[in-house]
Amino acid sequence: MNPTTLILQIQTLPDNPGVYQYYDKEGKILYVGKAKNLKKRVSSYFNKIHDTAKTNVLVKKIVTIRHIVVPSETDALLLENNLIKTLQPRYNVLLRDDKSYPWLCIKKEPFSRIFATRRMVKDGSEYFGPYTSFKTVNTILELIKELYPLRTCNYDLNKSNIDSGKFKVCLEYHIGNCMGPCEGFETLENYQKQVDAIREILKGNFKESMKDFKRVMTNLAADMHFEEAQKIKEKIEILENYQSRSTIVNPKITNIDVFSIVSDESAAYVNFLQISHGSIIRSHTMEIKKKLDEPDEELLELAIIELRDRFQLLSREVIVPFQVDLGENIKITVPQLGDKKQILDLSIRNAKFYRIEQLKQLQIVDPDRHTKRIMAQMQKDLRLPVEPRHIECFDNSNIQGTNPVAACVVFKDGKPSKKDYRHFNIKTVEGPDDFASMTEVVYRRYKRLLDENEPLPQLIIIDGGKGQLSSALKSIDELGLRGKIAIIGIAKRLEELFYPGDSIPLYLDKKSETLKVIQQLRNEAHRFGITHHRDKRSKAALNSSIESIPGIGEKTMLTLIQHFKSVKRLKLATEKEISDVIGVSKAKKIAEFYKATNDN
């Protein structure tokens with residue numbers, strides 16, 4: 001289609017709230033979005049270059065724009081959610097979930113049955129749920145069965161059938177699981193009282209059932225019916241145990257939904273907790289695949305609409321980590337402290353754990369995909385032209401100016417490649433000059449790689465601030481590698497990254513995976529450098545404290561010093577004592593050497 005026609009379509013859009021749809025030249029739906037102001041929102045796609053390549057590709061493909069005007073932004077949000085689920089456009093986030101969730105049904109019939117089902121039949125029956133697992137449903141059904149004797153048969157127990165004696169009691173009656181309403185042994189009124197109590201339990205309100213059971217238990221005990229009272233006591237314990245497992249917040253918090261979000265560059269994880277009468281009665285986490293690097297606010301709004309629709313949530317207040325727009329009828333709470341903050345933190349923790357589980361599973365099932373994800377994240381965070389598949393990190397070690405050494409550690413695909421680690425003894429620098437040492441080491445490392453035609457890294461990390469980075473850059477420039485390898489310096493506070501020619505540091509999010517990899521690199525460089533420095537210092541100390549004995553190597557002397565603890569004790573030891581440690585022939589040489597020394 002002619003670009004002029006597209007501009008015309010944008011110019012004629014209304015300034016009202018609504019939903020817009022983008023189509024390509026073949027008439028396939030590309031994207032569905034909502035807006036407070038259709039004209040402004042749609043125009044913003046075409047009057048700038050976007051940060052993500054995907055959005056730029058989407059804009060190039062758009063040929064036709066359609067829109068639906070709605071009364072308010074809340075309506076736009078609901079309509080957008082429905083259209084995404086129905087049309088499943090290529091560039092929209094995936095909010096769909098193919099699971100069919102179980103419900104608990106209280107059947108509309110005389111002497112109502114209560115059972116689990118995946119199908120909702122609109123016959124006036126009541127449905128509670130959906131529950132996120134059948135385990136929860138079975139636990140609740142077992143609880144109900146323990147507390148209340150209900151029928152499990154599917155007989156039509158209308159009054160005329162019961163009066164005419166059409167049915168006979170079954171085994172369930174004889175073992176005490178049913179009171180026999182089929183033969184008229186239980187009144188409809190008494191049975192329905194039990195159903196009402198179950199209804200309250202399913203809503204999360206345990207108070208009334210507890211009161212009833214405690215009253216009956218007290219009456220039975222007063223009348224000396226201790227066995228029956230004990231049975232009621234057991235039922236109370238079942239109810240209290242179930243409630244304590246479900247209750248995690250203050251009973252003052254009632255009928256509130258809690259939503260939180262944790263996201264990375266490719267997906268977001270939204271956790272939802274339903275609070276009823278001070279208890280968590282449902283928890284669910286959904287994964288949302290990102291398509292256009294959508295912000296968390298947008299993803300959370302969509303997820304809330306989807307989850308409220310799916311789980312038929314009617315609460316008028318939601319707790320969220322930041323402000324979202326859900327219309328005028330829903331109160332948005334962003335807690336800073338107190339019970340509501342604690343429950344929000346619990347939701348965030350659930351989302352985080354779910355994300356970690358998914359990533360661990362991904363790492364096991366498809367390790368290469370996991371590596372690609374981290375590499376892509378590092379490239380984006382560190383503003384690199386390519387993925388940093390091969391990273392090298394340098395660290396200087398000297399203690400009070402003695403034995404200056406440097407270490408170079410190598411990471412490939414985000415993991416240590418220990419066979420490629422290198423130690424450097426500083427050759428050209430006198431005294432503790434970290435800057436000059438860094439210039440020497442970087443030059444020696446990359447001169448050698450170039451001479452031997454070995455692959456160069458995509459990223460060099462210098463452990464130090466601007467000074468160390470400038471020293472390393474001298475060697476990079478001398479070797480003609482400026483622009484071919486990215487190089488950054490890490491200041492003492494790990495969050496600060498310095499780039500060549502830029503006095504303002506880059507700050508990384510403390511929780512980012514990029515920072516974790518960089519921390520691991522720096523810690524590894526530090527460990528590797530310190531180990532080498534200690535070895536060198538120990539050897540120097542040993543060499544200064546022991547004499548050179550013909551035919552006796554350094555290792556043998558080190559073994560002896562470790563055994564006798566000092567040179568003085570070694571000199572005083574007998575030939576037999578020395579031979580027990582290193583053997584007869586070497587012991588003879590040492591004994592003769594010290595004897596000759598003493599004689600002189």
# chains A, B, ... in the order shown; residues from 1 in each chain; ligands from 1

$ select_by_dssp --residues "segment 102-334 of chain A" --states "alpha helix (DSSP H)" --output "ChimeraX atom specification"
/A:134-147,159-163,171-174,188-202,207-222,226-246,296-310

$ write_last_selection --atoms "C-alpha atoms" --output "mmCIF file, in the first residue's frame"
data_model
loop_
_atom_site.group_PDB
_atom_site.id
_atom_site.type_symbol
_atom_site.label_atom_id
_atom_site.label_comp_id
_atom_site.auth_asym_id
_atom_site.auth_seq_id
_atom_site.Cartn_x
_atom_site.Cartn_y
_atom_site.Cartn_z
ATOM 1 C CA PHE A 134 -6.127 -31.337 41.312
ATOM 2 C CA LYS A 135 -4.067 -31.956 44.462
ATOM 3 C CA THR A 136 -5.709 -28.910 46.085
ATOM 4 C CA VAL A 137 -9.158 -30.040 44.899
ATOM 5 C CA ASN A 138 -8.672 -33.550 46.300
ATOM 6 C CA THR A 139 -7.451 -32.136 49.635
ATOM 7 C CA ILE A 140 -10.579 -29.958 49.916
ATOM 8 C CA LEU A 141 -12.862 -32.884 48.936
ATOM 9 C CA GLU A 142 -11.187 -35.116 51.549
ATOM 10 C CA LEU A 143 -11.643 -32.363 54.129
ATOM 11 C CA ILE A 144 -15.344 -32.015 53.266
ATOM 12 C CA LYS A 145 -15.760 -35.789 53.410
ATOM 13 C CA GLU A 146 -14.140 -35.888 56.867
ATOM 14 C CA LEU A 147 -16.304 -33.049 58.176
ATOM 15 C CA LYS A 159 -39.728 -36.076 47.677
ATOM 16 C CA SER A 160 -42.023 -38.443 45.749
ATOM 17 C CA ASN A 161 -39.134 -40.877 44.950
ATOM 18 C CA ILE A 162 -38.088 -40.989 48.617
ATOM 19 C CA ASP A 163 -41.695 -41.359 49.896
ATOM 20 C CA LEU A 171 -22.526 -49.399 51.626
ATOM 21 C CA GLU A 172 -21.654 -45.701 52.174
ATOM 22 C CA TYR A 173 -24.552 -45.524 54.684
ATOM 23 C CA HIS A 174 -23.455 -48.664 56.532
ATOM 24 C CA LEU A 188 -33.462 -32.034 53.418
ATOM 25 C CA GLU A 189 -33.213 -29.114 55.860
ATOM 26 C CA ASN A 190 -30.421 -30.759 57.881
ATOM 27 C CA TYR A 191 -28.562 -31.810 54.692
ATOM 28 C CA GLN A 192 -28.729 -28.293 53.194
ATOM 29 C CA LYS A 193 -27.327 -26.809 56.434
ATOM 30 C CA GLN A 194 -24.217 -28.914 55.812
ATOM 31 C CA VAL A 195 -24.077 -27.740 52.191
ATOM 32 C CA ASP A 196 -24.279 -24.100 53.387
ATOM 33 C CA ALA A 197 -21.332 -24.705 55.763
ATOM 34 C CA ILE A 198 -19.324 -26.292 52.915
ATOM 35 C CA ARG A 199 -20.110 -23.307 50.704
ATOM 36 C CA GLU A 200 -18.552 -20.998 53.350
ATOM 37 C CA ILE A 201 -15.447 -23.214 53.602
ATOM 38 C CA LEU A 202 -15.013 -23.060 49.822
ATOM 39 C CA LYS A 207 -15.365 -19.253 61.312
ATOM 40 C CA GLU A 208 -18.988 -20.483 61.270
ATOM 41 C CA SER A 209 -18.074 -24.165 60.787
ATOM 42 C CA MET A 210 -15.601 -23.947 63.669
ATOM 43 C CA LYS A 211 -18.210 -22.346 65.949
ATOM 44 C CA ASP A 212 -20.801 -25.022 65.075
ATOM 45 C CA PHE A 213 -18.410 -27.912 65.691
ATOM 46 C CA LYS A 214 -17.153 -26.468 68.992
ATOM 47 C CA ARG A 215 -20.731 -25.949 70.245
ATOM 48 C CA VAL A 216 -21.761 -29.508 69.329
ATOM 49 C CA MET A 217 -18.551 -30.904 70.912
ATOM 50 C CA THR A 218 -19.222 -29.024 74.195
ATOM 51 C CA ASN A 219 -22.852 -30.248 74.308
ATOM 52 C CA LEU A 220 -21.835 -33.856 73.662
ATOM 53 C CA ALA A 221 -19.147 -33.724 76.340
ATOM 54 C CA ALA A 222 -21.632 -32.204 78.826
ATOM 55 C CA PHE A 226 -17.293 -38.594 74.979
ATOM 56 C CA GLU A 227 -16.718 -40.795 71.920
ATOM 57 C CA GLU A 228 -18.925 -38.584 69.733
ATOM 58 C CA ALA A 229 -17.293 -35.463 71.237
ATOM 59 C CA GLN A 230 -13.863 -36.891 70.343
ATOM 60 C CA LYS A 231 -14.983 -37.392 66.724
ATOM 61 C CA ILE A 232 -16.089 -33.738 66.554
ATOM 62 C CA LYS A 233 -12.754 -32.686 68.097
ATOM 63 C CA GLU A 234 -10.930 -34.545 65.315
ATOM 64 C CA LYS A 235 -13.012 -32.667 62.746
ATOM 65 C CA ILE A 236 -12.069 -29.340 64.367
ATOM 66 C CA GLU A 237 -8.388 -30.347 64.185
ATOM 67 C CA ILE A 238 -8.763 -31.181 60.467
ATOM 68 C CA LEU A 239 -10.327 -27.789 59.838
ATOM 69 C CA GLU A 240 -7.672 -25.934 61.889
ATOM 70 C CA ASN A 241 -4.881 -27.827 60.150
ATOM 71 C CA TYR A 242 -6.291 -26.965 56.722
ATOM 72 C CA GLN A 243 -6.732 -23.334 57.715
ATOM 73 C CA SER A 244 -3.208 -23.012 59.162
ATOM 74 C CA ARG A 245 -1.774 -24.408 55.923
ATOM 75 C CA SER A 246 -3.692 -21.856 53.941
ATOM 76 C CA ASP A 296 6.428 -4.361 33.024
ATOM 77 C CA GLU A 297 3.464 -1.969 33.543
ATOM 78 C CA GLU A 298 1.876 -3.012 30.246
ATOM 79 C CA LEU A 299 2.496 -6.730 30.823
ATOM 80 C CA LEU A 300 1.123 -6.637 34.373
ATOM 81 C CA GLU A 301 -2.065 -4.838 33.255
ATOM 82 C CA LEU A 302 -2.698 -7.479 30.578
ATOM 83 C CA ALA A 303 -1.953 -10.336 32.981
ATOM 84 C CA ILE A 304 -4.303 -8.944 35.667
ATOM 85 C CA ILE A 305 -7.173 -8.635 33.179
ATOM 86 C CA GLU A 306 -6.500 -12.166 31.913
ATOM 87 C CA LEU A 307 -6.244 -13.741 35.388
ATOM 88 C CA ARG A 308 -9.313 -11.926 36.750
ATOM 89 C CA ASP A 309 -11.266 -13.166 33.740
ATOM 90 C CA ARG A 310 -9.937 -16.728 33.928
#

$ residues_around --residues "Tyr127 of chain A" --least-positions-apart "5" --cutoff "7 Å" --atoms "only C-alpha atoms" --output "list in words"
Trp103, Leu104, Cys105 and Ile106 of chain A

$ write_last_selection --atoms "N, CA, C and O atoms" --output "mmCIF file, in the first residue's frame"
data_model
loop_
_atom_site.group_PDB
_atom_site.id
_atom_site.type_symbol
_atom_site.label_atom_id
_atom_site.label_comp_id
_atom_site.auth_asym_id
_atom_site.auth_seq_id
_atom_site.Cartn_x
_atom_site.Cartn_y
_atom_site.Cartn_z
ATOM 1 N N TRP A 103 -12.719 -27.334 38.777
ATOM 2 C CA TRP A 103 -13.626 -26.545 39.623
ATOM 3 C C TRP A 103 -14.271 -27.498 40.624
ATOM 4 O O TRP A 103 -14.312 -28.708 40.402
ATOM 5 N N LEU A 104 -14.811 -26.956 41.698
ATOM 6 C CA LEU A 104 -15.641 -27.750 42.616
ATOM 7 C C LEU A 104 -17.084 -27.324 42.406
ATOM 8 O O LEU A 104 -17.403 -26.131 42.424
ATOM 9 N N CYS A 105 -17.938 -28.291 42.179
ATOM 10 C CA CYS A 105 -19.340 -28.007 41.835
ATOM 11 C C CYS A 105 -20.265 -28.412 42.991
ATOM 12 O O CYS A 105 -20.160 -29.517 43.528
ATOM 13 N N ILE A 106 -21.164 -27.488 43.352
ATOM 14 C CA ILE A 106 -22.282 -27.840 44.251
ATOM 15 C C ILE A 106 -23.505 -27.931 43.339
ATOM 16 O O ILE A 106 -24.001 -26.925 42.832
#

$ closest_residue --among "A:Arg369, A:Phe353, A:Gln358, A:Arg527" --to "Tyr421 of chain A" --atoms "only C-alpha atoms"
A:Arg527

$ residues_around --residues "Ile461 of chain A" --least-positions-apart "3" --cutoff "8 Å" --atoms "only C-alpha atoms" --output "mmCIF file with N, CA and C atoms, in the first residue's frame"
data_model
loop_
_atom_site.group_PDB
_atom_site.id
_atom_site.type_symbol
_atom_site.label_atom_id
_atom_site.label_comp_id
_atom_site.auth_asym_id
_atom_site.auth_seq_id
_atom_site.Cartn_x
_atom_site.Cartn_y
_atom_site.Cartn_z
ATOM 1 N N ILE A 391 35.634 -13.659 26.901
ATOM 2 C CA ILE A 391 35.960 -12.494 27.741
ATOM 3 C C ILE A 391 37.257 -12.782 28.482
ATOM 4 N N GLU A 392 38.125 -11.748 28.617
ATOM 5 C CA GLU A 392 39.354 -11.884 29.395
ATOM 6 C C GLU A 392 39.399 -10.769 30.440
ATOM 7 N N CYS A 393 39.824 -11.137 31.656
ATOM 8 C CA CYS A 393 39.852 -10.164 32.762
ATOM 9 C C CYS A 393 41.246 -10.151 33.385
ATOM 10 N N PHE A 394 41.796 -8.947 33.605
ATOM 11 C CA PHE A 394 43.155 -8.788 34.149
ATOM 12 C C PHE A 394 43.106 -8.223 35.558
ATOM 13 N N ILE A 487 36.688 -2.855 25.484
ATOM 14 C CA ILE A 487 37.442 -2.892 26.744
ATOM 15 C C ILE A 487 36.759 -1.992 27.766
ATOM 16 N N ILE A 488 36.572 -2.520 28.972
ATOM 17 C CA ILE A 488 35.940 -1.722 30.038
ATOM 18 C C ILE A 488 36.705 -1.924 31.345
ATOM 19 N N GLY A 489 36.621 -0.938 32.240
ATOM 20 C CA GLY A 489 37.253 -1.039 33.551
ATOM 21 C C GLY A 489 36.200 -1.140 34.647
ATOM 22 N N ILE A 490 36.483 -1.940 35.688
ATOM 23 C CA ILE A 490 35.553 -2.040 36.819
ATOM 24 C C ILE A 490 36.177 -1.323 37.998
#

$ residues_around --residues "segment 37-47 of chain A" --least-positions-apart "5" --cutoff "9 Å" --atoms "only C-alpha atoms" --output "list in words"
Ile7, Ile10, Gln11, Thr12, Leu13, Pro14, Asp15, Asn16, Pro17, Gly18, Val19, Tyr20, Thr55, Asn56, Val59, Ile65, His67 and Val69 of chain A

$ write_last_selection --atoms "all heavy atoms" --output "compact mmCIF listing (two decimals), in the first residue's frame"
# COMPACT_ATOMS: atom_id res chain seq x y z
N ILE A 7 -0.34 7.30 6.03
CA ILE A 7 -0.33 8.60 6.73
C ILE A 7 -1.76 9.12 6.87
O ILE A 7 -2.16 9.63 7.91
CB ILE A 7 0.58 9.62 5.99
CG1 ILE A 7 2.03 9.16 6.08
CG2 ILE A 7 0.42 11.03 6.55
CD1 ILE A 7 2.96 9.81 5.09
N ILE A 10 -3.61 7.39 9.60
CA ILE A 10 -3.20 7.88 10.93
C ILE A 10 -3.86 9.23 11.20
O ILE A 10 -4.37 9.47 12.31
CB ILE A 10 -1.66 7.98 11.01
CG1 ILE A 10 -1.03 6.59 10.86
CG2 ILE A 10 -1.22 8.62 12.33
CD1 ILE A 10 0.44 6.60 10.53
N GLN A 11 -3.84 10.11 10.20
CA GLN A 11 -4.40 11.46 10.38
C GLN A 11 -5.89 11.45 10.69
O GLN A 11 -6.40 12.33 11.38
CB GLN A 11 -4.14 12.31 9.13
CG GLN A 11 -2.69 12.77 9.03
CD GLN A 11 -2.40 13.46 7.71
OE1 GLN A 11 -3.18 13.36 6.76
NE2 GLN A 11 -1.27 14.15 7.63
N THR A 12 -6.58 10.45 10.19
CA THR A 12 -8.04 10.40 10.38
C THR A 12 -8.47 9.61 11.63
O THR A 12 -9.66 9.43 11.88
CB THR A 12 -8.73 9.79 9.13
OG1 THR A 12 -8.13 8.51 8.88
CG2 THR A 12 -8.56 10.69 7.92
N LEU A 13 -7.49 9.13 12.39
CA LEU A 13 -7.84 8.38 13.62
C LEU A 13 -8.44 9.34 14.66
O LEU A 13 -8.02 10.49 14.76
CB LEU A 13 -6.58 7.72 14.22
CG LEU A 13 -6.09 6.45 13.52
CD1 LEU A 13 -4.69 6.10 14.01
CD2 LEU A 13 -7.02 5.28 13.77
N PRO A 14 -9.40 8.85 15.47
CA PRO A 14 -10.00 9.72 16.50
C PRO A 14 -9.08 9.89 17.71
O PRO A 14 -8.16 9.09 17.93
CB PRO A 14 -11.27 8.97 16.88
CG PRO A 14 -10.98 7.53 16.58
CD PRO A 14 -10.02 7.52 15.42
N ASP A 15 -9.35 10.91 18.54
CA ASP A 15 -8.59 11.15 19.76
C ASP A 15 -9.23 10.46 20.97
O ASP A 15 -9.03 10.88 22.10
CB ASP A 15 -8.52 12.67 20.05
CG ASP A 15 -7.69 13.39 19.01
OD1 ASP A 15 -6.63 12.86 18.66
OD2 ASP A 15 -8.11 14.47 18.52
N ASN A 16 -9.99 9.41 20.73
CA ASN A 16 -10.73 8.71 21.79
C ASN A 16 -9.98 7.46 22.25
O ASN A 16 -9.09 6.97 21.57
CB ASN A 16 -12.13 8.28 21.29
CG ASN A 16 -12.93 9.46 20.82
OD1 ASN A 16 -12.58 10.11 19.83
ND2 ASN A 16 -14.02 9.75 21.51
N PRO A 17 -10.41 6.91 23.43
CA PRO A 17 -9.83 5.61 23.83
C PRO A 17 -10.31 4.51 22.89
O PRO A 17 -11.43 4.60 22.35
CB PRO A 17 -10.38 5.38 25.24
CG PRO A 17 -11.25 6.52 25.57
CD PRO A 17 -11.36 7.42 24.40
N GLY A 18 -9.48 3.50 22.71
CA GLY A 18 -9.90 2.40 21.83
C GLY A 18 -8.81 1.38 21.64
O GLY A 18 -7.76 1.40 22.30
N VAL A 19 -9.07 0.46 20.72
CA VAL A 19 -8.13 -0.61 20.39
C VAL A 19 -7.76 -0.49 18.93
O VAL A 19 -8.62 -0.27 18.08
CB VAL A 19 -8.76 -2.00 20.67
CG1 VAL A 19 -7.88 -3.12 20.17
CG2 VAL A 19 -9.04 -2.15 22.16
N TYR A 20 -6.43 -0.60 18.63
CA TYR A 20 -5.98 -0.53 17.22
C TYR A 20 -5.41 -1.88 16.80
O TYR A 20 -4.88 -2.64 17.63
CB TYR A 20 -4.96 0.59 17.03
CG TYR A 20 -3.77 0.51 17.94
CD1 TYR A 20 -2.62 -0.20 17.58
CD2 TYR A 20 -3.78 1.12 19.20
CE1 TYR A 20 -1.53 -0.28 18.44
CE2 TYR A 20 -2.70 1.04 20.07
CZ TYR A 20 -1.57 0.34 19.68
OH TYR A 20 -0.50 0.24 20.52
N THR A 55 10.53 -3.92 16.91
CA THR A 55 9.50 -2.90 16.72
C THR A 55 9.69 -2.21 15.37
O THR A 55 8.71 -1.94 14.66
CB THR A 55 9.56 -1.86 17.87
OG1 THR A 55 9.58 -2.57 19.10
CG2 THR A 55 8.36 -0.93 17.85
N ASN A 56 10.95 -1.95 14.99
CA ASN A 56 11.22 -1.31 13.69
C ASN A 56 10.76 -2.21 12.54
O ASN A 56 10.23 -1.72 11.54
CB ASN A 56 12.72 -0.98 13.56
CG ASN A 56 13.13 0.13 14.52
OD1 ASN A 56 12.39 1.09 14.72
ND2 ASN A 56 14.29 0.00 15.13
N VAL A 59 6.90 -2.06 12.33
CA VAL A 59 6.43 -0.81 11.70
C VAL A 59 6.56 -0.89 10.18
O VAL A 59 5.67 -0.46 9.44
CB VAL A 59 7.20 0.41 12.28
CG1 VAL A 59 6.86 1.68 11.51
CG2 VAL A 59 6.84 0.58 13.76
N ILE A 65 -4.35 -0.10 9.09
CA ILE A 65 -4.65 0.11 10.51
C ILE A 65 -6.17 0.10 10.68
O ILE A 65 -6.87 0.84 9.99
CB ILE A 65 -4.11 1.47 11.00
CG1 ILE A 65 -2.60 1.57 10.75
CG2 ILE A 65 -4.43 1.69 12.46
CD1 ILE A 65 -2.05 2.97 10.86
N HIS A 67 -9.34 0.17 13.77
CA HIS A 67 -9.51 0.54 15.17
C HIS A 67 -10.95 0.37 15.62
O HIS A 67 -11.86 0.34 14.80
CB HIS A 67 -9.05 1.99 15.41
CG HIS A 67 -9.93 2.99 14.74
ND1 HIS A 67 -9.76 3.37 13.43
CD2 HIS A 67 -11.01 3.70 15.19
CE1 HIS A 67 -10.69 4.26 13.11
NE2 HIS A 67 -11.46 4.48 14.16
N VAL A 69 -13.38 2.10 18.64
CA VAL A 69 -13.51 3.11 19.70
C VAL A 69 -14.37 2.55 20.82
O VAL A 69 -15.40 1.92 20.56
CB VAL A 69 -14.11 4.42 19.13
CG1 VAL A 69 -14.33 5.44 20.24
CG2 VAL A 69 -13.20 5.01 18.06

$ residues_around --residues "Gly464 of chain A" --least-positions-apart "2" --cutoff "12 Å" --atoms "only C-alpha atoms" --output "number ranges by chain"
A: 393-397, 434-435, 438, 461-462, 466-472, 488-494, 496-499, 522, 526

$ write_last_selection --atoms "C-alpha atoms" --output "PDB file, in the first residue's frame"
ATOM      1  CA  CYS A 393      39.852 -10.164  32.762  1.00  0.00           C
ATOM      2  CA  PHE A 394      43.155  -8.788  34.149  1.00  0.00           C
ATOM      3  CA  ASP A 395      44.128  -8.248  37.785  1.00  0.00           C
ATOM      4  CA  ASN A 396      47.420  -7.028  39.365  1.00  0.00           C
ATOM      5  CA  SER A 397      48.702  -8.489  42.651  1.00  0.00           C
ATOM      6  CA  ASP A 434      50.103  -0.961  38.978  1.00  0.00           C
ATOM      7  CA  PHE A 435      49.523   1.259  35.937  1.00  0.00           C
ATOM      8  CA  MET A 438      48.919  -3.301  33.459  1.00  0.00           C
ATOM      9  CA  ILE A 461      37.720  -6.329  31.528  1.00  0.00           C
ATOM     10  CA  ILE A 462      40.323  -4.410  33.550  1.00  0.00           C
ATOM     11  CA  LYS A 466      39.966   5.028  34.863  1.00  0.00           C
ATOM     12  CA  GLY A 467      43.751   4.890  35.522  1.00  0.00           C
ATOM     13  CA  GLN A 468      44.056   1.157  34.989  1.00  0.00           C
ATOM     14  CA  LEU A 469      41.819   1.352  31.912  1.00  0.00           C
ATOM     15  CA  SER A 470      43.975   4.130  30.376  1.00  0.00           C
ATOM     16  CA  SER A 471      47.146   2.070  31.008  1.00  0.00           C
ATOM     17  CA  ALA A 472      45.629  -0.971  29.256  1.00  0.00           C
ATOM     18  CA  ILE A 488      35.940  -1.722  30.038  1.00  0.00           C
ATOM     19  CA  GLY A 489      37.253  -1.039  33.551  1.00  0.00           C
ATOM     20  CA  ILE A 490      35.553  -2.040  36.819  1.00  0.00           C
ATOM     21  CA  ALA A 491      35.938   0.354  39.736  1.00  0.00           C
ATOM     22  CA  LYS A 492      36.218  -0.925  43.308  1.00  0.00           C
ATOM     23  CA  ARG A 493      32.458  -0.640  43.768  1.00  0.00           C
ATOM     24  CA  LEU A 494      31.350  -3.343  41.381  1.00  0.00           C
ATOM     25  CA  GLU A 496      30.635   1.136  38.225  1.00  0.00           C
ATOM     26  CA  LEU A 497      31.855   0.323  34.716  1.00  0.00           C
ATOM     27  CA  PHE A 498      34.159   2.728  32.836  1.00  0.00           C
ATOM     28  CA  TYR A 499      34.384   2.957  29.054  1.00  0.00           C
ATOM     29  CA  ARG A 522      36.756 -10.400  38.802  1.00  0.00           C
ATOM     30  CA  HIS A 526      41.648 -11.987  42.030  1.00  0.00           C
TER      31      HIS A 526
END

$ residues_around --residues "segment 416-418 of chain A" --least-positions-apart "2" --cutoff "12 Å" --atoms "only C-alpha atoms" --output "PyMOL selection string"
chain A and resi 389-393+407-414+420-423+517-518+520-525+528

$ select_by_dssp --residues "segment 40-222 of chain A" --states "strand (DSSP E or B)" --output "list in words"
Thr64, Ile65, Arg66, His67, Ile68, Val69, Leu94, Trp103, Leu104, Cys105, Ile106, Ile114, Phe115, Ala116, Thr117, Glu126, Tyr127 and Phe128 of chain A

$ atom_distance --atom1 "atom CA of Glu109 of chain A" --atom2 "atom CA of Asp156 of chain A"
8.0 Å

$ atom_distance --atom1 "atom CA of Ser276 of chain A" --atom2 "atom CA of Arg355 of chain A"
26.1 Å

$ residues_around --residues "Leu79 of chain A" --least-positions-apart "6" --cutoff "10 Å" --atoms "only C-alpha atoms" --output "VMD selection string"
chain A and resid 18 to 19 32 to 34 68 70 73 85

$ closest_residue --among "A:Ser475, A:Thr439, A:Ser164, A:Asn177" --to "Tyr148 of chain A" --atoms "only C-alpha atoms"
A:Asn177

$ atom_distance --atom1 "atom CA of Glu26 of chain A" --atom2 "atom CA of Ile62 of chain A"
10.3 Å

$ closest_residue --among "A:Ala587, A:Ile578, A:Cys182, A:Met286" --to "Lys166 of chain A" --atoms "only C-alpha atoms"
A:Cys182

$ closest_residue --among "A:Ile460, A:Ile485, A:Val270, A:Ile256" --to "Leu314 of chain A" --atoms "only C-alpha atoms"
A:Ile256
